[in-house]
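Enquirer: One file is attached below, protein-v3.cif, containing mmCIF, C-alpha atoms and all ligand atoms.
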```cif
data_start
loop_
_atom_site.label_atom_id
_atom_site.label_comp_id
_atom_site.auth_asym_id
_atom_site.auth_seq_id
_atom_site.Cartn_x
_atom_site.Cartn_y
_atom_site.Cartn_z
CA MET A 120 110.15 115.78 65.34
CA SER A 121 112.09 116.16 68.57
CA HIS A 122 111.13 113.90 71.42
CA VAL A 123 109.22 113.95 74.69
CA VAL A 124 110.05 111.67 77.61
CA GLY A 125 107.27 110.81 80.06
CA VAL A 126 108.25 109.93 83.64
CA ASP A 127 106.21 108.20 86.36
CA LEU A 128 107.86 109.01 89.70
CA GLY A 129 106.55 106.88 92.56
CA GLY A 130 107.66 106.09 96.10
CA THR A 131 109.36 102.81 95.18
CA LYS A 132 110.17 103.05 91.46
CA THR A 133 110.58 105.55 88.64
CA ALA A 134 109.63 104.58 85.08
CA ALA A 135 110.12 106.49 81.84
CA ALA A 136 109.72 106.15 78.07
CA LEU A 137 109.65 108.16 74.88
CA VAL A 138 106.06 109.00 73.95
CA GLY A 139 105.14 110.52 70.59
CA ALA A 140 102.27 112.97 70.06
CA ASP A 141 100.83 110.17 67.89
CA GLY A 142 100.52 107.95 70.97
CA GLN A 143 103.47 105.69 70.18
CA VAL A 144 105.11 104.58 73.42
CA GLY A 145 108.75 103.45 73.40
CA THR A 146 110.42 100.92 75.66
CA VAL A 147 109.69 101.63 79.34
CA LEU A 148 112.78 101.75 81.55
CA THR A 149 112.42 101.42 85.33
CA VAL A 150 114.79 102.21 88.21
CA PRO A 151 114.28 102.18 92.00
CA THR A 152 113.39 105.61 93.44
CA PRO A 153 116.02 106.63 96.03
CA ALA A 154 113.17 107.91 98.21
CA ARG A 155 115.11 107.75 101.51
CA SER A 156 118.08 109.67 100.08
CA GLY A 157 116.19 112.95 99.72
CA PRO A 158 114.97 115.21 96.90
CA ASP A 159 118.38 115.89 95.29
CA ALA A 160 119.05 112.17 94.87
CA ILE A 161 115.56 111.67 93.41
CA LEU A 162 116.05 114.51 90.90
CA ASP A 163 119.49 113.10 89.96
CA SER A 164 117.88 109.72 89.37
CA VAL A 165 115.09 111.19 87.17
CA ALA A 166 117.58 113.13 85.02
CA ARG A 167 119.80 110.05 84.59
CA LEU A 168 116.79 107.97 83.59
CA VAL A 169 115.72 110.52 80.96
CA GLU A 170 119.25 110.46 79.54
CA THR A 171 119.24 106.66 79.50
CA VAL A 172 115.90 106.57 77.64
CA LEU A 173 117.32 108.92 75.00
CA ALA A 174 120.55 106.96 74.72
CA GLN A 175 118.72 103.66 74.29
CA ALA A 176 116.44 105.17 71.66
CA ALA A 177 119.49 106.40 69.77
CA GLY A 178 121.12 102.99 69.61
CA ALA A 179 124.19 103.40 67.45
CA GLY A 180 122.80 106.58 65.84
CA PRO A 181 122.83 110.20 67.00
CA ALA A 182 120.98 110.95 70.26
CA PRO A 183 117.43 112.16 69.57
CA GLN A 184 116.79 115.80 70.41
CA LEU A 185 114.80 116.27 73.62
CA ALA A 186 111.90 118.73 73.25
CA ALA A 187 110.32 118.39 76.70
CA VAL A 188 109.93 116.17 79.75
CA GLY A 189 106.61 115.35 81.43
CA ILE A 190 106.68 114.05 85.01
CA GLY A 191 103.87 112.55 87.07
CA THR A 192 104.86 112.48 90.75
CA ALA A 193 103.39 111.52 94.11
CA GLY A 194 102.34 114.53 96.17
CA VAL A 195 100.18 117.60 95.72
CA VAL A 196 101.66 119.48 92.76
CA ASP A 197 101.51 123.12 91.72
CA ALA A 198 101.42 122.27 88.02
CA SER A 199 101.84 125.91 86.96
CA ARG A 200 105.24 126.06 88.70
CA GLY A 201 106.27 122.41 88.63
CA THR A 202 106.75 122.36 92.41
CA ILE A 203 105.54 120.08 95.21
CA VAL A 204 103.00 121.73 97.52
CA SER A 205 102.81 118.85 100.01
CA ALA A 206 103.69 115.19 100.15
CA THR A 207 103.28 112.17 102.38
CA ASP A 208 106.18 110.21 103.89
CA VAL A 209 106.25 108.05 100.74
CA LEU A 210 108.80 110.65 99.57
CA PRO A 211 110.35 112.22 102.71
CA GLY A 212 111.32 115.88 102.28
CA TRP A 213 109.62 116.08 98.87
CA ALA A 214 107.31 119.00 99.87
CA GLY A 215 108.71 122.30 98.56
CA THR A 216 110.88 120.64 95.90
CA ASP A 217 111.19 122.51 92.58
CA VAL A 218 110.91 119.39 90.41
CA ALA A 219 110.73 121.24 87.07
CA GLY A 220 113.70 123.49 87.86
CA GLY A 221 115.76 120.69 89.37
CA VAL A 222 115.33 118.31 86.44
CA ARG A 223 115.83 121.10 83.87
CA ALA A 224 119.09 122.19 85.51
CA ARG A 225 120.44 118.64 85.63
CA LEU A 226 119.61 117.94 81.99
CA ALA A 227 121.03 121.28 80.87
CA ALA A 228 124.30 120.33 82.55
CA SER A 229 124.70 117.25 80.38
CA ALA A 230 125.96 117.46 76.83
CA GLY A 231 123.67 117.39 73.83
CA LEU A 232 120.48 118.36 75.61
CA THR A 233 118.36 121.40 74.99
CA GLY A 234 119.55 123.44 77.94
CA ALA A 235 118.00 126.04 80.20
CA ALA A 236 114.86 126.50 78.09
CA LEU A 237 113.91 122.82 78.19
CA PRO A 238 110.22 122.60 79.20
CA VAL A 239 109.64 120.26 82.15
CA VAL A 240 105.95 119.77 82.92
CA VAL A 241 105.03 118.31 86.31
CA GLU A 242 101.71 116.74 87.32
CA ASN A 243 100.32 114.88 90.30
CA ASP A 244 100.63 111.15 89.54
CA VAL A 245 96.89 110.43 89.68
CA ASP A 246 96.26 113.40 87.37
CA ALA A 247 98.91 112.04 84.97
CA HIS A 248 97.40 108.56 85.20
CA ALA A 249 93.96 109.96 84.41
CA ALA A 250 95.21 112.05 81.50
CA GLY A 251 96.89 108.93 80.08
CA GLU A 252 93.65 106.94 80.28
CA ALA A 253 91.80 109.87 78.69
CA TRP A 254 94.25 109.93 75.76
CA LEU A 255 95.03 106.29 74.97
CA GLY A 256 93.19 104.20 77.57
CA ALA A 257 89.72 103.37 78.86
CA ALA A 258 88.50 107.00 78.65
CA ALA A 259 89.94 107.71 75.17
CA GLY A 260 87.78 110.29 73.42
CA ALA A 261 85.80 111.24 76.54
CA ARG A 262 85.26 114.95 77.06
CA ILE A 263 84.69 114.62 80.83
CA ALA A 264 86.34 111.69 82.59
CA LEU A 265 86.50 110.81 86.29
CA MET A 266 89.46 108.65 87.25
CA VAL A 267 89.51 106.82 90.59
CA ALA A 268 92.61 105.00 91.89
CA VAL A 269 92.07 102.66 94.84
CA GLY A 270 95.21 101.27 96.45
CA THR A 271 97.26 102.38 99.45
CA GLY A 272 95.06 105.49 99.37
CA VAL A 273 92.05 106.58 97.35
CA GLY A 274 93.00 109.11 94.68
CA GLY A 275 90.88 110.77 92.06
CA ALA A 276 91.22 113.09 89.10
CA VAL A 277 88.87 114.90 86.76
CA VAL A 278 90.00 115.25 83.15
CA LEU A 279 88.29 117.89 80.99
CA ASP A 280 89.10 117.77 77.26
CA GLY A 281 92.32 115.91 78.00
CA THR A 282 93.60 118.20 80.76
CA PRO A 283 93.33 117.42 84.48
CA LEU A 284 91.23 119.89 86.45
CA ARG A 285 93.61 121.60 88.91
CA GLY A 286 91.31 123.47 91.29
CA ALA A 287 92.09 126.64 93.19
CA HIS A 288 94.30 124.85 95.73
CA HIS A 289 95.82 122.10 93.51
CA LEU A 290 93.40 119.57 95.04
CA ALA A 291 90.66 119.01 92.47
CA GLY A 292 89.61 115.35 92.36
CA GLU A 293 91.22 114.43 95.72
CA MET A 294 88.21 112.33 96.64
CA GLY A 295 89.90 110.32 99.42
CA HIS A 296 88.98 113.03 101.91
CA MET A 297 85.29 113.35 101.10
CA PRO A 298 82.87 112.37 103.87
CA VAL A 299 81.04 109.15 102.93
CA PRO A 300 78.31 107.17 104.71
CA GLY A 301 79.78 103.92 106.02
CA ALA A 302 83.05 105.52 107.08
CA ASP A 303 81.31 107.38 109.92
CA GLY A 304 83.56 107.74 112.94
CA LEU A 305 86.59 106.07 111.31
CA ILE A 306 89.69 108.26 111.52
CA CYS A 307 91.29 109.15 108.18
CA GLY A 308 95.03 109.62 107.61
CA CYS A 309 94.37 113.38 107.63
CA GLY A 310 93.11 113.08 111.22
CA ARG A 311 89.43 113.75 110.50
CA PRO A 312 86.65 111.19 110.97
CA GLY A 313 84.38 109.79 108.27
CA HIS A 314 86.45 110.25 105.12
CA LEU A 315 86.38 107.75 102.24
CA GLU A 316 90.04 106.78 102.65
CA ALA A 317 89.34 105.58 106.23
CA LEU A 318 87.32 102.66 104.80
CA GLY A 319 87.93 102.57 101.04
CA SER A 320 91.73 102.27 100.81
CA GLY A 321 93.60 98.96 100.84
CA PRO A 322 95.06 99.36 104.36
CA ALA A 323 91.65 100.55 105.60
CA LEU A 324 90.03 97.40 104.20
CA HIS A 325 92.47 95.30 106.25
CA ARG A 326 91.71 97.34 109.39
CA HIS A 327 87.98 96.97 108.72
CA TYR A 328 88.31 93.18 108.53
CA LEU A 329 90.11 93.10 111.89
CA ARG A 330 87.52 95.48 113.40
CA LEU A 331 84.73 93.12 112.32
CA GLY A 332 86.47 90.38 114.30
CA GLY A 333 88.58 88.88 111.54
CA ASP A 334 91.55 86.58 112.07
CA ASP A 335 94.65 88.71 112.78
CA ALA A 336 96.77 86.04 111.08
CA ALA A 337 95.61 87.80 107.90
CA ALA A 338 98.57 90.18 107.82
CA ASP A 339 97.54 92.58 105.08
CA THR A 340 94.92 93.58 102.51
CA ARG A 341 96.11 90.95 100.06
CA ALA A 342 95.53 88.25 102.66
CA VAL A 343 92.00 89.50 103.36
CA VAL A 344 91.17 89.53 99.63
CA ALA A 345 92.59 85.99 99.30
CA ARG A 346 90.42 84.80 102.21
CA ALA A 347 87.38 86.44 100.62
CA ALA A 348 88.14 84.66 97.35
CA GLY A 349 88.38 81.41 99.34
CA GLY A 350 84.87 81.87 100.73
CA ASP A 351 85.57 83.44 104.16
CA LEU A 352 82.30 85.30 104.79
CA LEU A 353 83.76 87.90 107.15
CA ALA A 354 86.50 88.74 104.64
CA ARG A 355 83.86 88.97 101.91
CA ARG A 356 81.86 91.38 104.04
CA ALA A 357 84.93 93.56 104.73
CA VAL A 358 85.82 93.70 101.01
CA ALA A 359 82.21 94.44 100.02
CA GLU A 360 81.71 97.20 102.60
CA SER A 361 85.00 98.86 101.69
CA ALA A 362 84.16 98.65 97.97
CA ALA A 363 80.63 99.98 98.50
CA CYS A 364 82.05 103.02 100.27
CA VAL A 365 84.09 103.78 97.14
CA GLY A 366 81.00 103.27 94.95
CA ARG A 367 78.94 105.71 97.03
CA ALA A 368 81.68 108.34 96.80
CA ILE A 369 81.85 107.91 93.01
CA ALA A 370 78.05 108.28 92.82
CA ALA A 371 78.23 111.56 94.71
CA ILE A 372 80.89 112.95 92.38
CA CYS A 373 79.06 111.79 89.24
CA THR A 374 75.89 113.55 90.40
CA VAL A 375 77.80 116.84 90.39
CA LEU A 376 80.14 116.22 87.47
CA ASP A 377 78.00 114.17 85.02
CA PRO A 378 81.06 112.62 83.35
CA ASP A 379 81.08 110.70 80.05
CA VAL A 380 82.92 107.85 81.72
CA VAL A 381 84.35 106.70 85.07
CA VAL A 382 87.65 104.79 85.03
CA VAL A 383 88.62 102.83 88.14
CA GLY A 384 92.19 101.62 88.63
CA GLY A 385 94.64 100.75 91.39
CA GLY A 386 95.36 97.51 93.24
CA LEU A 387 91.87 96.92 94.66
CA ALA A 388 90.20 97.54 91.30
CA GLN A 389 92.21 94.55 90.06
CA ALA A 390 91.01 92.32 92.91
CA GLY A 391 88.17 91.00 90.75
CA PRO A 392 84.37 90.80 91.09
CA LEU A 393 84.53 90.43 94.90
CA TRP A 394 85.53 94.11 95.03
CA TRP A 395 84.25 95.41 91.70
CA ASP A 396 80.64 94.18 91.92
CA PRO A 397 79.74 95.75 95.31
CA MET A 398 81.52 98.97 94.26
CA LEU A 399 79.41 99.12 91.08
CA GLN A 400 76.19 98.09 92.85
CA ALA A 401 76.55 100.87 95.45
CA LEU A 402 77.25 103.36 92.67
CA ARG A 403 74.21 102.25 90.63
CA ASP A 404 71.98 102.26 93.73
CA ASP A 405 72.85 105.86 94.58
CA VAL A 406 72.69 107.69 91.22
CA ILE A 407 69.47 109.04 89.71
CA ASP A 408 67.97 107.45 86.57
CA PRO A 409 69.65 109.63 83.89
CA LEU A 410 73.01 108.29 85.15
CA ALA A 411 71.90 104.64 85.09
CA GLY A 412 73.87 103.88 81.91
CA LEU A 413 77.05 105.70 82.94
CA PRO A 414 80.02 103.62 81.75
CA VAL A 415 82.25 102.49 84.64
CA LEU A 416 85.36 100.85 83.25
CA PRO A 417 88.57 99.33 84.61
CA ALA A 418 91.75 101.25 83.79
CA ALA A 419 93.31 99.96 80.56
CA LEU A 420 96.89 101.23 80.39
CA GLY A 421 98.27 99.69 83.57
CA SER A 422 101.60 101.02 84.74
CA GLN A 423 102.15 103.01 81.52
CA ALA A 424 99.24 105.39 82.18
CA ALA A 425 101.12 108.04 84.16
CA ILE A 426 104.05 108.02 81.70
CA VAL A 427 101.61 108.54 78.82
CA GLY A 428 99.62 111.25 80.61
CA ALA A 429 102.69 113.19 81.74
CA ALA A 430 104.15 113.05 78.23
CA GLY A 431 100.82 114.15 76.79
CA ALA A 432 100.87 117.23 79.03
CA ALA A 433 104.37 118.03 77.78
CA HIS A 434 103.27 117.70 74.13
CA ARG A 435 100.32 120.00 74.82
CA HIS A 436 102.70 122.46 76.48
CA LEU A 437 104.63 122.48 73.19
CA GLY A 438 101.39 123.26 71.33
CA ARG A 439 101.16 119.81 69.75
CA THR A 440 97.86 118.05 69.08
CA LEU A 441 97.58 114.57 70.56
CA THR A 442 96.39 111.83 68.22
CA LEU A 443 95.85 108.09 68.48
CA PRO A 444 98.33 105.58 67.00
CA CYS A 445 97.47 104.33 63.51
CA PRO A 446 96.23 100.75 63.62
CA PRO A 447 98.90 98.32 62.38
CA LYS A 448 98.72 97.81 58.61
CA ASP A 449 97.76 94.34 57.41
CA THR A 450 100.76 92.61 55.95
CA PRO A 451 100.01 90.82 52.66
ZN ZN B 1 90.88 112.60 105.26
#
```
Rewrite the coordinates I just gave you, this time as structure tokens.

Expert:
Amino acid sequence: MSHVVGVDLGGTKTAAALVGADGQVGTVLTVPTPARSGPDAILDSVARLVETVLAQAAGAGPAPQLAAVGIGTAGVVDASRGTIVSATDVLPGWAGTDVAGGVRARLAASAGLTGAALPVVVENDVDAHAAGEAWLGAAAGARIALMVAVGTGVGGAVVLDGTPLRGAHHLAGEMGHMPVPGADGLICGCGRPGHLEALGSGPALHRHYLRLGGDDAAADTRAVVARAAGGDLLARRAVAESAACVGRAIAAICTVLDPDVVVVGGGLAQAGPLWWDPMLQALRDDVIDPLAGLPVLPAALGSQAAIVGAAGAAHRHLGRTLTLPCPPKDTP
């Protein structure tokens, strides 16, 4: 079978690997994203990385035939066109970029690749991450999965039967901008007061600690979390209040969506029980009884999730059915 390469395109690095429809993931190759050099340089870098993945897979043999490329990228994505609707300054100038067309043209120009008809499927990175978890990760087998990513922002995605919900304006699941009690009056990155991201994101947690009167020698979120782990009560309070805000937002979404499972990933989700427990407690406190047993799980695939999810979307585009890898056979 010809191959699919999944790509995770972020503000600082781009990672890619071959991913089979059977869930086998090849060696992940990573390069820095030339974010400051503009969209053309980024597209050049993605195409080169795809070629390198294929060349490495070939070894001394013939290059494997490329059937499709799946890309998860930062920014709001029009997945039907493979274009960027809007983006933050993580990738300057990225809004308006025809990612699918640009990567297809570059790969067609190089020898041995499929050419102008090569399918290139583009997803928002949180959507790709969520689809990866719903295929091979913590939400494997779930029909309705809510994915929440808590890091420099708060992202979310809803996966229905393996496919991310797009919405009418390419924004479905973008939970960072939902109004949440606790964030009242705090100004969000979008300019509006009271949104989840104004208290729930990593940078917002740091700001919250300083607002509570914390020591400004704590330079960033990591430092606040470290102080909390060391027993600093004010840092603990800042972490807990930020986490609880995320939990309340998840509760609100679950009340509408009734998902099979919630998967929580991102840097803060990995901060340990100091963050996780108040997040979960706030969630449990706010949902009605039939949702009391709702599984809330940490993300399982780590940095591979978006590669896997983007590749899965490309396989589906080709009409392939996604399966799980066979368990390794016992050797006698
Ligand atoms: Zn906002």

Enquirer: Of the candidates A:Val273, A:Val365, A:Val240, A:Ala227, which shows the shortest atom-to-atom distance to A:Ala430, using all atoms listed in the file?

Expert: A:Val240

Enquirer: For a test of reading the model, state the distance in Å between atom CA of A:Leu420 and atom CA of A:Ile263, rounded to one decimal.

Expert: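 Rounded to one decimal, the two atoms are 18.1 Å apart.
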
Enquirer: Quick one: residues within 6 Å of A:Ala187, all atoms listed in the file, excluding same-chain residues fewer than 3 positions away - as a list in words?

Expert: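 The residues that qualify are Val123, Leu237, Pro238 and Val239 of chain A.
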
Enquirer: Name each residue within 6 Å of ligand ZN 1 (chain B), counting only C-alpha atoms and all ligand atoms, as a list in words.

Expert: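 Counting only what the definition allows, namely only C-alpha atoms and all ligand atoms, the set is His296, Cys307, Gly308, Cys309, Arg311 and His314 of chain A.
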
Enquirer: For the residues in the current selection, export C-alpha atoms as a PDB file, keeping the file's coordinate frame.

Expert:
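Once everything was written out, this is selection00.pdb:
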```pdb
ATOM      1  CA  HIS A 296      88.980 113.030 101.910  1.00  0.00           C
ATOM      2  CA  CYS A 307      91.290 109.150 108.180  1.00  0.00           C
ATOM      3  CA  GLY A 308      95.030 109.620 107.610  1.00  0.00           C
ATOM      4  CA  CYS A 309      94.370 113.380 107.630  1.00  0.00           C
ATOM      5  CA  ARG A 311      89.430 113.750 110.500  1.00  0.00           C
ATOM      6  CA  HIS A 314      86.450 110.250 105.120  1.00  0.00           C
TER       7      HIS A 314
END
```

Enquirer: Kindly give the distance, in Å, that separates atom CA of A:Leu279 and atom CA of A:Leu162, rounded to a single decimal.

Expert: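 These atoms are spaced 29.7 Å apart.
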
Enquirer: Considering only C-alpha atoms, state which residue in the set A:Ile426, A:Ala186, A:Leu393, A:Val241 is at the smallest distance from A:Ile203.

Expert: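 Ranking A:Ile426, A:Ala186, A:Leu393, A:Val241 by distance to A:Ile203, first place goes to A:Val241.
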
Enquirer: Any idea what's packed within 8 Å of stretch 330-341 of chain A, counting only C-alpha atoms, ignoring anything in its chain fewer than 6 positions away? Could you give it as JSON, numbers by chain?

Expert: {"A": [321, 322, 324, 353, 354, 357]}

Enquirer: Between A:Gly256, A:Gly366, A:Gly194, A:Gly428, single out the one closest to A:His289, counting all atoms listed in the file.

Expert: A:Gly194

Enquirer: Could you check how far atom CA of A:Val415 sits from atom CA of A:Arg355, in Å to one decimal?

Expert: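 We find that atom CA of A:Val415 and atom CA of A:Arg355 lie 22.0 Å from each other.
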
Enquirer: Could you pull the residues within 9 Å of A:Gly145, counting all atoms listed in the file, minus those fewer than 2 positions along the same chain, as a PyMOL selection string?

Expert: chain A and resi 136-139+143+147+172+176

Enquirer: Which is closer to A:Arg225 than all the others in A:Ala160, A:Val381, A:Leu210, A:Ala371, using only C-alpha atoms?

Expert: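 Comparing A:Ala160, A:Val381, A:Leu210, A:Ala371 against A:Arg225, the winner is A:Ala160.
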
Enquirer: Go through A:Thr440, A:Thr282, A:Gln389, A:Thr133 one by one, measure the shortest atom-to-atom distance of each to A:Ile161 using all atoms listed in the file, and give the residue with the smallest value.

Expert: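 Closest candidate: A:Thr133.
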
Enquirer: May I have the residues within 9 Å of A:Leu168 as a ChimeraX atom specification, using all atoms listed in the file and disregarding those fewer than 6 positions away in the same chain?

Expert: /A:126,133-135,148-150

Enquirer: With distances taken over all atoms listed in the file, which of A:Val358, A:Leu352, A:Val165, A:Met398 is nearest to A:Ala370?

Expert: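 Between A:Val358, A:Leu352, A:Val165, A:Met398, the residue approaching A:Ala370 most closely is A:Met398.
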
Enquirer: Just the residues within 6 Å of stretch 246-255 of chain A, please, counting only C-alpha atoms, with nothing from its chain fewer than 3 positions along; format it as a list in words.

Expert: Gly191, Glu242, Asn243, Ala258, Ala259, Met266, Ala276, Gly281, Pro283, Ala424, Ala425, Val427, Gly428 and Ala429 of chain A

Enquirer: Using all atoms of stretch 196-207 of chain A listed in the file and a margin of 4 Å per side, can you give the axis-aligned box centre and edge lengths in Å to one decimal, as lines of an AutoDock Vina configuration file?

Expert:
```
center_x = 104.1
center_y = 119.1
center_z = 94.7
size_x = 13.3
size_y = 21.9
size_z = 23.4
```
